[in-house]
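Q: What follows is my_file-v6.json, JSON, C-alpha atoms.
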[["chain", "number", "residue", "atom", "x", "y", "z"],
["A", 301, "GLN", "CA", -25.94, -86.01, 2.47],
["A", 302, "VAL", "CA", -24.55, -82.77, 1.09],
["A", 303, "GLN", "CA", -20.91, -82.30, 0.16],
["A", 304, "LEU", "CA", -19.26, -78.94, -0.31],
["A", 305, "VAL", "CA", -15.85, -78.52, -1.91],
["A", 306, "GLU", "CA", -14.14, -75.12, -1.78],
["A", 307, "SER", "CA", -11.43, -73.99, -4.16],
["A", 308, "GLY", "CA", -9.62, -70.81, -5.16],
["A", 309, "GLY", "CA", -7.78, -69.91, -2.00],
["A", 310, "GLY", "CA", -4.12, -69.02, -1.94],
["A", 311, "LEU", "CA", -1.53, -66.34, -1.32],
["A", 312, "VAL", "CA", -1.98, -62.87, -2.78],
["A", 313, "GLN", "CA", -0.47, -59.45, -2.21],
["A", 314, "ALA", "CA", -2.51, -56.66, -0.66],
["A", 315, "GLY", "CA", -4.68, -55.01, -3.29],
["A", 316, "GLY", "CA", -4.98, -58.20, -5.29],
["A", 317, "SER", "CA", -7.98, -60.39, -6.04],
["A", 318, "LEU", "CA", -9.08, -63.97, -5.53],
["A", 319, "ARG", "CA", -12.21, -65.86, -6.47],
["A", 320, "LEU", "CA", -13.43, -68.61, -4.18],
["A", 321, "SER", "CA", -15.78, -71.26, -5.48],
["A", 322, "CYS", "CA", -17.84, -73.78, -3.56],
["A", 323, "THR", "CA", -19.13, -76.76, -5.52],
["A", 324, "ILE", "CA", -22.27, -78.27, -4.03],
["A", 325, "SER", "CA", -23.23, -81.91, -4.52],
["A", 326, "ARG", "CA", -26.90, -80.97, -4.98],
["A", 327, "ARG", "CA", -28.81, -78.36, -6.91],
["A", 328, "THR", "CA", -28.60, -74.84, -5.57],
["A", 329, "PHE", "CA", -32.40, -74.76, -5.69],
["A", 330, "ASP", "CA", -32.44, -77.24, -2.78],
["A", 331, "PHE", "CA", -31.17, -74.59, -0.36],
["A", 332, "ASN", "CA", -32.65, -71.58, 1.40],
["A", 333, "ALA", "CA", -29.38, -69.71, 1.63],
["A", 334, "MET", "CA", -25.69, -70.01, 0.89],
["A", 335, "ALA", "CA", -22.88, -68.16, 2.57],
["A", 336, "TRP", "CA", -19.17, -67.71, 3.09],
["A", 337, "TYR", "CA", -17.70, -67.50, 6.58],
["A", 338, "ARG", "CA", -14.11, -66.96, 7.65],
["A", 339, "GLN", "CA", -12.05, -67.66, 10.71],
["A", 340, "ALA", "CA", -8.75, -65.94, 11.42],
["A", 341, "PRO", "CA", -6.27, -67.36, 13.95],
["A", 342, "GLY", "CA", -7.44, -66.69, 17.50],
["A", 343, "LYS", "CA", -10.76, -65.26, 16.35],
["A", 344, "GLN", "CA", -14.31, -66.53, 16.12],
["A", 345, "ARG", "CA", -15.77, -67.60, 12.82],
["A", 346, "GLU", "CA", -17.65, -64.71, 11.23],
["A", 347, "LEU", "CA", -20.17, -64.39, 8.44],
["A", 348, "VAL", "CA", -18.60, -62.69, 5.42],
["A", 349, "ALA", "CA", -21.36, -62.80, 2.83],
["A", 350, "ARG", "CA", -24.71, -64.48, 2.44],
["A", 351, "ILE", "CA", -27.14, -64.93, -0.43],
["A", 352, "THR", "CA", -30.66, -66.28, -0.26],
["A", 353, "SER", "CA", -32.39, -68.41, -2.85],
["A", 354, "GLY", "CA", -34.23, -65.25, -3.85],
["A", 355, "GLY", "CA", -30.96, -63.45, -4.54],
["A", 356, "ILE", "CA", -30.90, -61.18, -1.50],
["A", 357, "THR", "CA", -27.35, -60.55, -0.35],
["A", 358, "ASN", "CA", -25.77, -59.19, 2.77],
["A", 359, "TYR", "CA", -22.14, -58.58, 3.73],
["A", 360, "VAL", "CA", -20.14, -57.87, 6.83],
["A", 361, "ASP", "CA", -19.27, -54.16, 6.87],
["A", 362, "SER", "CA", -15.55, -54.77, 6.46],
["A", 363, "VAL", "CA", -15.95, -56.31, 2.99],
["A", 364, "LYS", "CA", -18.76, -54.19, 1.54],
["A", 365, "GLY", "CA", -17.79, -52.79, -1.84],
["A", 366, "ARG", "CA", -14.90, -55.26, -2.18],
["A", 367, "PHE", "CA", -16.47, -58.73, -2.09],
["A", 368, "THR", "CA", -19.34, -60.10, -4.18],
["A", 369, "ILE", "CA", -21.21, -63.33, -3.56],
["A", 370, "SER", "CA", -23.03, -65.04, -6.41],
["A", 371, "ILE", "CA", -24.71, -68.30, -7.35],
["A", 372, "ASP", "CA", -24.17, -70.26, -10.55],
["A", 373, "ASN", "CA", -27.21, -72.50, -10.84],
["A", 374, "ALA", "CA", -25.86, -74.28, -13.90],
["A", 375, "LYS", "CA", -22.66, -75.31, -12.13],
["A", 376, "ASN", "CA", -24.18, -75.70, -8.64],
["A", 377, "THR", "CA", -21.63, -73.33, -7.16],
["A", 378, "VAL", "CA", -21.63, -70.36, -4.85],
["A", 379, "ASP", "CA", -18.73, -68.03, -5.53],
["A", 380, "LEU", "CA", -17.05, -65.21, -3.66],
["A", 381, "GLN", "CA", -15.20, -62.62, -5.71],
["A", 382, "MET", "CA", -12.74, -60.82, -3.46],
["A", 383, "ASN", "CA", -11.11, -57.60, -4.69],
["A", 384, "SER", "CA", -8.83, -55.06, -3.04],
["A", 385, "LEU", "CA", -7.73, -57.66, -0.54],
["A", 386, "LYS", "CA", -6.20, -56.55, 2.74],
["A", 387, "PRO", "CA", -3.95, -58.39, 5.19],
["A", 388, "GLU", "CA", -6.86, -58.46, 7.65],
["A", 389, "ASP", "CA", -8.78, -60.63, 5.17],
["A", 390, "THR", "CA", -6.34, -63.44, 5.91],
["A", 391, "ALA", "CA", -8.33, -66.39, 7.23],
["A", 392, "VAL", "CA", -9.68, -69.82, 6.46],
["A", 393, "TYR", "CA", -12.82, -69.32, 4.40],
["A", 394, "TYR", "CA", -15.70, -71.77, 4.75],
["A", 395, "CYS", "CA", -18.67, -72.38, 2.49],
["A", 396, "ASN", "CA", -22.01, -72.87, 4.21],
["A", 397, "VAL", "CA", -25.42, -73.85, 2.87],
["A", 398, "VAL", "CA", -28.76, -74.21, 4.62],
["A", 399, "SER", "CA", -31.20, -76.75, 3.24],
["A", 400, "LEU", "CA", -34.92, -76.22, 2.79],
["A", 401, "GLY", "CA", -35.28, -78.14, 6.06],
["A", 402, "ASN", "CA", -32.96, -75.62, 7.76],
["A", 403, "ASN", "CA", -30.06, -78.04, 8.11],
["A", 404, "PRO", "CA", -26.63, -76.39, 7.79],
["A", 405, "TYR", "CA", -23.73, -77.94, 5.92],
["A", 406, "TRP", "CA", -20.10, -76.84, 5.87],
["A", 407, "GLY", "CA", -17.15, -77.22, 3.57],
["A", 408, "GLN", "CA", -13.67, -78.12, 4.76],
["A", 409, "GLY", "CA", -12.33, -74.59, 4.33],
["A", 410, "THR", "CA", -9.77, -72.94, 2.08],
["A", 411, "GLN", "CA", -6.89, -70.75, 3.22],
["A", 412, "VAL", "CA", -6.63, -67.17, 2.03],
["A", 413, "THR", "CA", -3.44, -65.32, 2.90],
["A", 414, "VAL", "CA", -2.93, -61.67, 2.02],
["A", 415, "SER", "CA", 0.60, -60.34, 2.35],
["A", 416, "SER", "CA", 1.35, -56.68, 3.04]]
Here is the file; what I need is its structure written in the form of structure tokens.
A:
Amino acid sequence: QVQLVESGGGLVQAGGSLRLSCTISRRTFDFNAMAWYRQAPGKQRELVARITSGGITNYVDSVKGRFTISIDNAKNTVDLQMNSLKPEDTAVYYCNVVSLGNNPYWGQGTQVTVSS
């Protein structure tokens, strides 16, 4: 079983920054890819950023140039640095990992609220 624990969410003013961290109960090397998703009220969950085990990243257009996803192999975390936050970034952010057997696992989510 894989456990994911997110941290770092909170309330921030527009233009501010937050860093989300997802601690994984297994080594990061045990996964094909890791990602952050978000779900705003009344909207579908969307992929925000994804990173493969080979370090290839991709981002939803709305966060390109503002968000950065990274892996810390020593700490077994996948982090999301969020800069220049906008009110439309307000959502619950979820960590997701996909195992080498292509099984997905999800964290419980962390709330990010950006005030205008």
Q: Between atom CA of A:Ile324 and atom CA of A:Thr377, what is the distance, to one decimal in Å?
A: 5.9 Å
Q: Find, counting all atoms listed in the file, the residue in A:Thr323, A:Arg350, A:Gln381, A:Asn358 that gets nearest to A:Leu304.
A: A:Thr323
Q: Residues near stretch 311-318 of chain A, anyone? I mean within 9 Å using all atoms listed in the file, not counting same-chain ones fewer than 3 positions away, as a count of residues only.
A: 15
Q: Taking all atoms listed in the file into account, name the residue in A:Glu346, A:Asp389, A:Ile351, A:Arg326 that is nearest to A:Val363.
A: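 When distances to A:Val363 are compared using all atoms listed in the file, the smallest one comes from A:Asp389.
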Q: Between A:Val360, A:Ala374, A:Val302, A:Leu400, which has the minimum distance to A:Trp336 (counting only C-alpha atoms)?
A: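 Closest candidate: A:Val360.
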Q: Rounded to one decimal in Å, what is the spacing between atom CA of A:Ile369 and atom CA of A:Gly342?
A: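 Computing the Euclidean distance for atom CA of A:Ile369 and atom CA of A:Gly342 yields 25.4 Å.
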Q: Expressed in Å to a single decimal, how great is the separation between atom CA of A:Tyr337 and atom CA of A:Tyr394?
A: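 Separation between atom CA of A:Tyr337 and atom CA of A:Tyr394: 5.1 Å.
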Q: Which of these residues is nearest to A:Gly354, using all atoms listed in the file: A:Phe367, A:Arg338, A:Phe331, A:Gly309?
A: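 Among the listed residues, A:Phe331 lies closest to A:Gly354.
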Q: Tell me, as an mmCIF file with C-alpha atoms, keeping the file's coordinate frame, which residues lie within 12 Å of A:Lys343, counting all atoms listed in the file; anything in the same chain fewer than 3 positions away does not count.
A:
data_model
loop_
_atom_site.group_PDB
_atom_site.id
_atom_site.type_symbol
_atom_site.label_atom_id
_atom_site.label_comp_id
_atom_site.auth_asym_id
_atom_site.auth_seq_id
_atom_site.Cartn_x
_atom_site.Cartn_y
_atom_site.Cartn_z
ATOM 1 C CA ARG A 338 -14.110 -66.960 7.650
ATOM 2 C CA GLN A 339 -12.050 -67.660 10.710
ATOM 3 C CA ALA A 340 -8.750 -65.940 11.420
ATOM 4 C CA GLU A 346 -17.650 -64.710 11.230
ATOM 5 C CA GLU A 388 -6.860 -58.460 7.650
ATOM 6 C CA THR A 390 -6.340 -63.440 5.910
ATOM 7 C CA ALA A 391 -8.330 -66.390 7.230
ATOM 8 C CA VAL A 392 -9.680 -69.820 6.460
#
Q: So which one's closest to A:Asp330, A:Lys364, A:Gly310, A:Thr352, A:Thr357? Using all atoms listed in the file, please.
A: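 Closest candidate: A:Thr352.
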Q: Considering all atoms listed in the file, can you say which of A:Gly365, A:Pro341, A:Ala333, A:Ser307 comes closest to A:Ser321?
A: A:Ser307
Q: Please identify all polymer residues within 6 Å of A:Cys322, counting only C-alpha atoms, omitting same-chain residues fewer than 2 positions from it, and present them as a PDB file with C-alpha atoms, in the frame of the given file.
A:
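Listed below is the output, around.pdb:
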ATOM      1  CA  VAL A 305     -15.850 -78.520  -1.910  1.00  0.00           C
ATOM      2  CA  GLU A 306     -14.140 -75.120  -1.780  1.00  0.00           C
ATOM      3  CA  THR A 377     -21.630 -73.330  -7.160  1.00  0.00           C
ATOM      4  CA  VAL A 378     -21.630 -70.360  -4.850  1.00  0.00           C
TER       5      VAL A 378
END
Q: Would you mind completing stretch 358-384 of chain A so that it carries N, CA, C and O atoms, and writing it out as a PDB file, keeping the file's coordinate frame?
A:
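Full text of rebuild.pdb as output:
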ATOM      1  N   ASN A 358     -26.237 -60.066   1.712  1.00  0.00           N
ATOM      2  CA  ASN A 358     -25.770 -59.190   2.770  1.00  0.00           C
ATOM      3  C   ASN A 358     -24.308 -59.512   3.061  1.00  0.00           C
ATOM      4  O   ASN A 358     -23.854 -60.632   2.828  1.00  0.00           O
ATOM      5  N   TYR A 359     -23.584 -58.495   3.524  1.00  0.00           N
ATOM      6  CA  TYR A 359     -22.140 -58.580   3.730  1.00  0.00           C
ATOM      7  C   TYR A 359     -21.766 -57.994   5.088  1.00  0.00           C
ATOM      8  O   TYR A 359     -22.406 -57.049   5.565  1.00  0.00           O
ATOM      9  N   VAL A 360     -20.705 -58.508   5.662  1.00  0.00           N
ATOM     10  CA  VAL A 360     -20.140 -57.870   6.830  1.00  0.00           C
ATOM     11  C   VAL A 360     -19.578 -56.520   6.390  1.00  0.00           C
ATOM     12  O   VAL A 360     -19.096 -56.371   5.250  1.00  0.00           O
ATOM     13  N   ASP A 361     -19.653 -55.527   7.252  1.00  0.00           N
ATOM     14  CA  ASP A 361     -19.270 -54.160   6.870  1.00  0.00           C
ATOM     15  C   ASP A 361     -17.854 -54.090   6.309  1.00  0.00           C
ATOM     16  O   ASP A 361     -17.579 -53.316   5.387  1.00  0.00           O
ATOM     17  N   SER A 362     -16.958 -54.884   6.841  1.00  0.00           N
ATOM     18  CA  SER A 362     -15.550 -54.770   6.460  1.00  0.00           C
ATOM     19  C   SER A 362     -15.261 -55.187   5.024  1.00  0.00           C
ATOM     20  O   SER A 362     -14.182 -54.886   4.500  1.00  0.00           O
ATOM     21  N   VAL A 363     -16.197 -55.871   4.367  1.00  0.00           N
ATOM     22  CA  VAL A 363     -15.950 -56.310   2.990  1.00  0.00           C
ATOM     23  C   VAL A 363     -16.894 -55.651   1.988  1.00  0.00           C
ATOM     24  O   VAL A 363     -16.773 -55.890   0.775  1.00  0.00           O
ATOM     25  N   LYS A 364     -17.813 -54.842   2.455  1.00  0.00           N
ATOM     26  CA  LYS A 364     -18.760 -54.190   1.540  1.00  0.00           C
ATOM     27  C   LYS A 364     -18.016 -53.358   0.502  1.00  0.00           C
ATOM     28  O   LYS A 364     -17.105 -52.609   0.818  1.00  0.00           O
ATOM     29  N   GLY A 365     -18.426 -53.504  -0.747  1.00  0.00           N
ATOM     30  CA  GLY A 365     -17.790 -52.790  -1.840  1.00  0.00           C
ATOM     31  C   GLY A 365     -16.558 -53.480  -2.387  1.00  0.00           C
ATOM     32  O   GLY A 365     -16.034 -53.071  -3.436  1.00  0.00           O
ATOM     33  N   ARG A 366     -16.088 -54.524  -1.713  1.00  0.00           N
ATOM     34  CA  ARG A 366     -14.900 -55.260  -2.180  1.00  0.00           C
ATOM     35  C   ARG A 366     -15.214 -56.703  -2.563  1.00  0.00           C
ATOM     36  O   ARG A 366     -14.596 -57.245  -3.482  1.00  0.00           O
ATOM     37  N   PHE A 367     -16.131 -57.319  -1.861  1.00  0.00           N
ATOM     38  CA  PHE A 367     -16.470 -58.730  -2.090  1.00  0.00           C
ATOM     39  C   PHE A 367     -17.865 -58.819  -2.731  1.00  0.00           C
ATOM     40  O   PHE A 367     -18.752 -58.013  -2.420  1.00  0.00           O
ATOM     41  N   THR A 368     -18.040 -59.840  -3.566  1.00  0.00           N
ATOM     42  CA  THR A 368     -19.340 -60.100  -4.180  1.00  0.00           C
ATOM     43  C   THR A 368     -19.631 -61.592  -4.135  1.00  0.00           C
ATOM     44  O   THR A 368     -18.815 -62.393  -4.608  1.00  0.00           O
ATOM     45  N   ILE A 369     -20.783 -61.941  -3.595  1.00  0.00           N
ATOM     46  CA  ILE A 369     -21.210 -63.330  -3.560  1.00  0.00           C
ATOM     47  C   ILE A 369     -22.204 -63.566  -4.683  1.00  0.00           C
ATOM     48  O   ILE A 369     -23.029 -62.702  -4.984  1.00  0.00           O
ATOM     49  N   SER A 370     -22.118 -64.746  -5.305  1.00  0.00           N
ATOM     50  CA  SER A 370     -23.030 -65.040  -6.410  1.00  0.00           C
ATOM     51  C   SER A 370     -23.266 -66.545  -6.491  1.00  0.00           C
ATOM     52  O   SER A 370     -22.484 -67.343  -5.958  1.00  0.00           O
ATOM     53  N   ILE A 371     -24.350 -66.904  -7.155  1.00  0.00           N
ATOM     54  CA  ILE A 371     -24.710 -68.300  -7.350  1.00  0.00           C
ATOM     55  C   ILE A 371     -24.671 -68.618  -8.841  1.00  0.00           C
ATOM     56  O   ILE A 371     -25.138 -67.819  -9.663  1.00  0.00           O
ATOM     57  N   ASP A 372     -24.116 -69.756  -9.173  1.00  0.00           N
ATOM     58  CA  ASP A 372     -24.170 -70.260 -10.550  1.00  0.00           C
ATOM     59  C   ASP A 372     -25.028 -71.515 -10.531  1.00  0.00           C
ATOM     60  O   ASP A 372     -24.555 -72.594 -10.146  1.00  0.00           O
ATOM     61  N   ASN A 373     -26.286 -71.374 -10.910  1.00  0.00           N
ATOM     62  CA  ASN A 373     -27.210 -72.500 -10.840  1.00  0.00           C
ATOM     63  C   ASN A 373     -26.841 -73.619 -11.815  1.00  0.00           C
ATOM     64  O   ASN A 373     -27.104 -74.790 -11.558  1.00  0.00           O
ATOM     65  N   ALA A 374     -26.240 -73.275 -12.912  1.00  0.00           N
ATOM     66  CA  ALA A 374     -25.860 -74.280 -13.900  1.00  0.00           C
ATOM     67  C   ALA A 374     -24.723 -75.175 -13.404  1.00  0.00           C
ATOM     68  O   ALA A 374     -24.672 -76.365 -13.708  1.00  0.00           O
ATOM     69  N   LYS A 375     -23.835 -74.578 -12.635  1.00  0.00           N
ATOM     70  CA  LYS A 375     -22.660 -75.310 -12.130  1.00  0.00           C
ATOM     71  C   LYS A 375     -22.846 -75.786 -10.691  1.00  0.00           C
ATOM     72  O   LYS A 375     -21.988 -76.492 -10.164  1.00  0.00           O
ATOM     73  N   ASN A 376     -23.946 -75.380 -10.058  1.00  0.00           N
ATOM     74  CA  ASN A 376     -24.180 -75.700  -8.640  1.00  0.00           C
ATOM     75  C   ASN A 376     -23.027 -75.194  -7.763  1.00  0.00           C
ATOM     76  O   ASN A 376     -22.463 -75.926  -6.939  1.00  0.00           O
ATOM     77  N   THR A 377     -22.686 -73.943  -7.963  1.00  0.00           N
ATOM     78  CA  THR A 377     -21.630 -73.330  -7.160  1.00  0.00           C
ATOM     79  C   THR A 377     -22.113 -72.036  -6.528  1.00  0.00           C
ATOM     80  O   THR A 377     -23.022 -71.373  -7.039  1.00  0.00           O
ATOM     81  N   VAL A 378     -21.479 -71.695  -5.431  1.00  0.00           N
ATOM     82  CA  VAL A 378     -21.630 -70.360  -4.850  1.00  0.00           C
ATOM     83  C   VAL A 378     -20.216 -69.788  -4.780  1.00  0.00           C
ATOM     84  O   VAL A 378     -19.298 -70.423  -4.259  1.00  0.00           O
ATOM     85  N   ASP A 379     -20.052 -68.612  -5.362  1.00  0.00           N
ATOM     86  CA  ASP A 379     -18.730 -68.030  -5.530  1.00  0.00           C
ATOM     87  C   ASP A 379     -18.588 -66.753  -4.710  1.00  0.00           C
ATOM     88  O   ASP A 379     -19.572 -66.073  -4.417  1.00  0.00           O
ATOM     89  N   LEU A 380     -17.351 -66.448  -4.362  1.00  0.00           N
ATOM     90  CA  LEU A 380     -17.050 -65.210  -3.660  1.00  0.00           C
ATOM     91  C   LEU A 380     -15.901 -64.530  -4.378  1.00  0.00           C
ATOM     92  O   LEU A 380     -14.763 -65.003  -4.341  1.00  0.00           O
ATOM     93  N   GLN A 381     -16.215 -63.433  -5.049  1.00  0.00           N
ATOM     94  CA  GLN A 381     -15.200 -62.620  -5.710  1.00  0.00           C
ATOM     95  C   GLN A 381     -14.654 -61.630  -4.695  1.00  0.00           C
ATOM     96  O   GLN A 381     -15.420 -60.848  -4.134  1.00  0.00           O
ATOM     97  N   MET A 382     -13.363 -61.669  -4.477  1.00  0.00           N
ATOM     98  CA  MET A 382     -12.740 -60.820  -3.460  1.00  0.00           C
ATOM     99  C   MET A 382     -11.736 -59.897  -4.149  1.00  0.00           C
ATOM    100  O   MET A 382     -10.743 -60.375  -4.719  1.00  0.00           O
ATOM    101  N   ASN A 383     -11.998 -58.608  -4.099  1.00  0.00           N
ATOM    102  CA  ASN A 383     -11.110 -57.600  -4.690  1.00  0.00           C
ATOM    103  C   ASN A 383     -10.530 -56.717  -3.610  1.00  0.00           C
ATOM    104  O   ASN A 383     -11.024 -56.672  -2.480  1.00  0.00           O
ATOM    105  N   SER A 384      -9.484 -56.011  -3.973  1.00  0.00           N
ATOM    106  CA  SER A 384      -8.830 -55.060  -3.040  1.00  0.00           C
ATOM    107  C   SER A 384      -8.552 -55.727  -1.698  1.00  0.00           C
ATOM    108  O   SER A 384      -8.868 -55.178  -0.637  1.00  0.00           O
TER     109      SER A 384
END
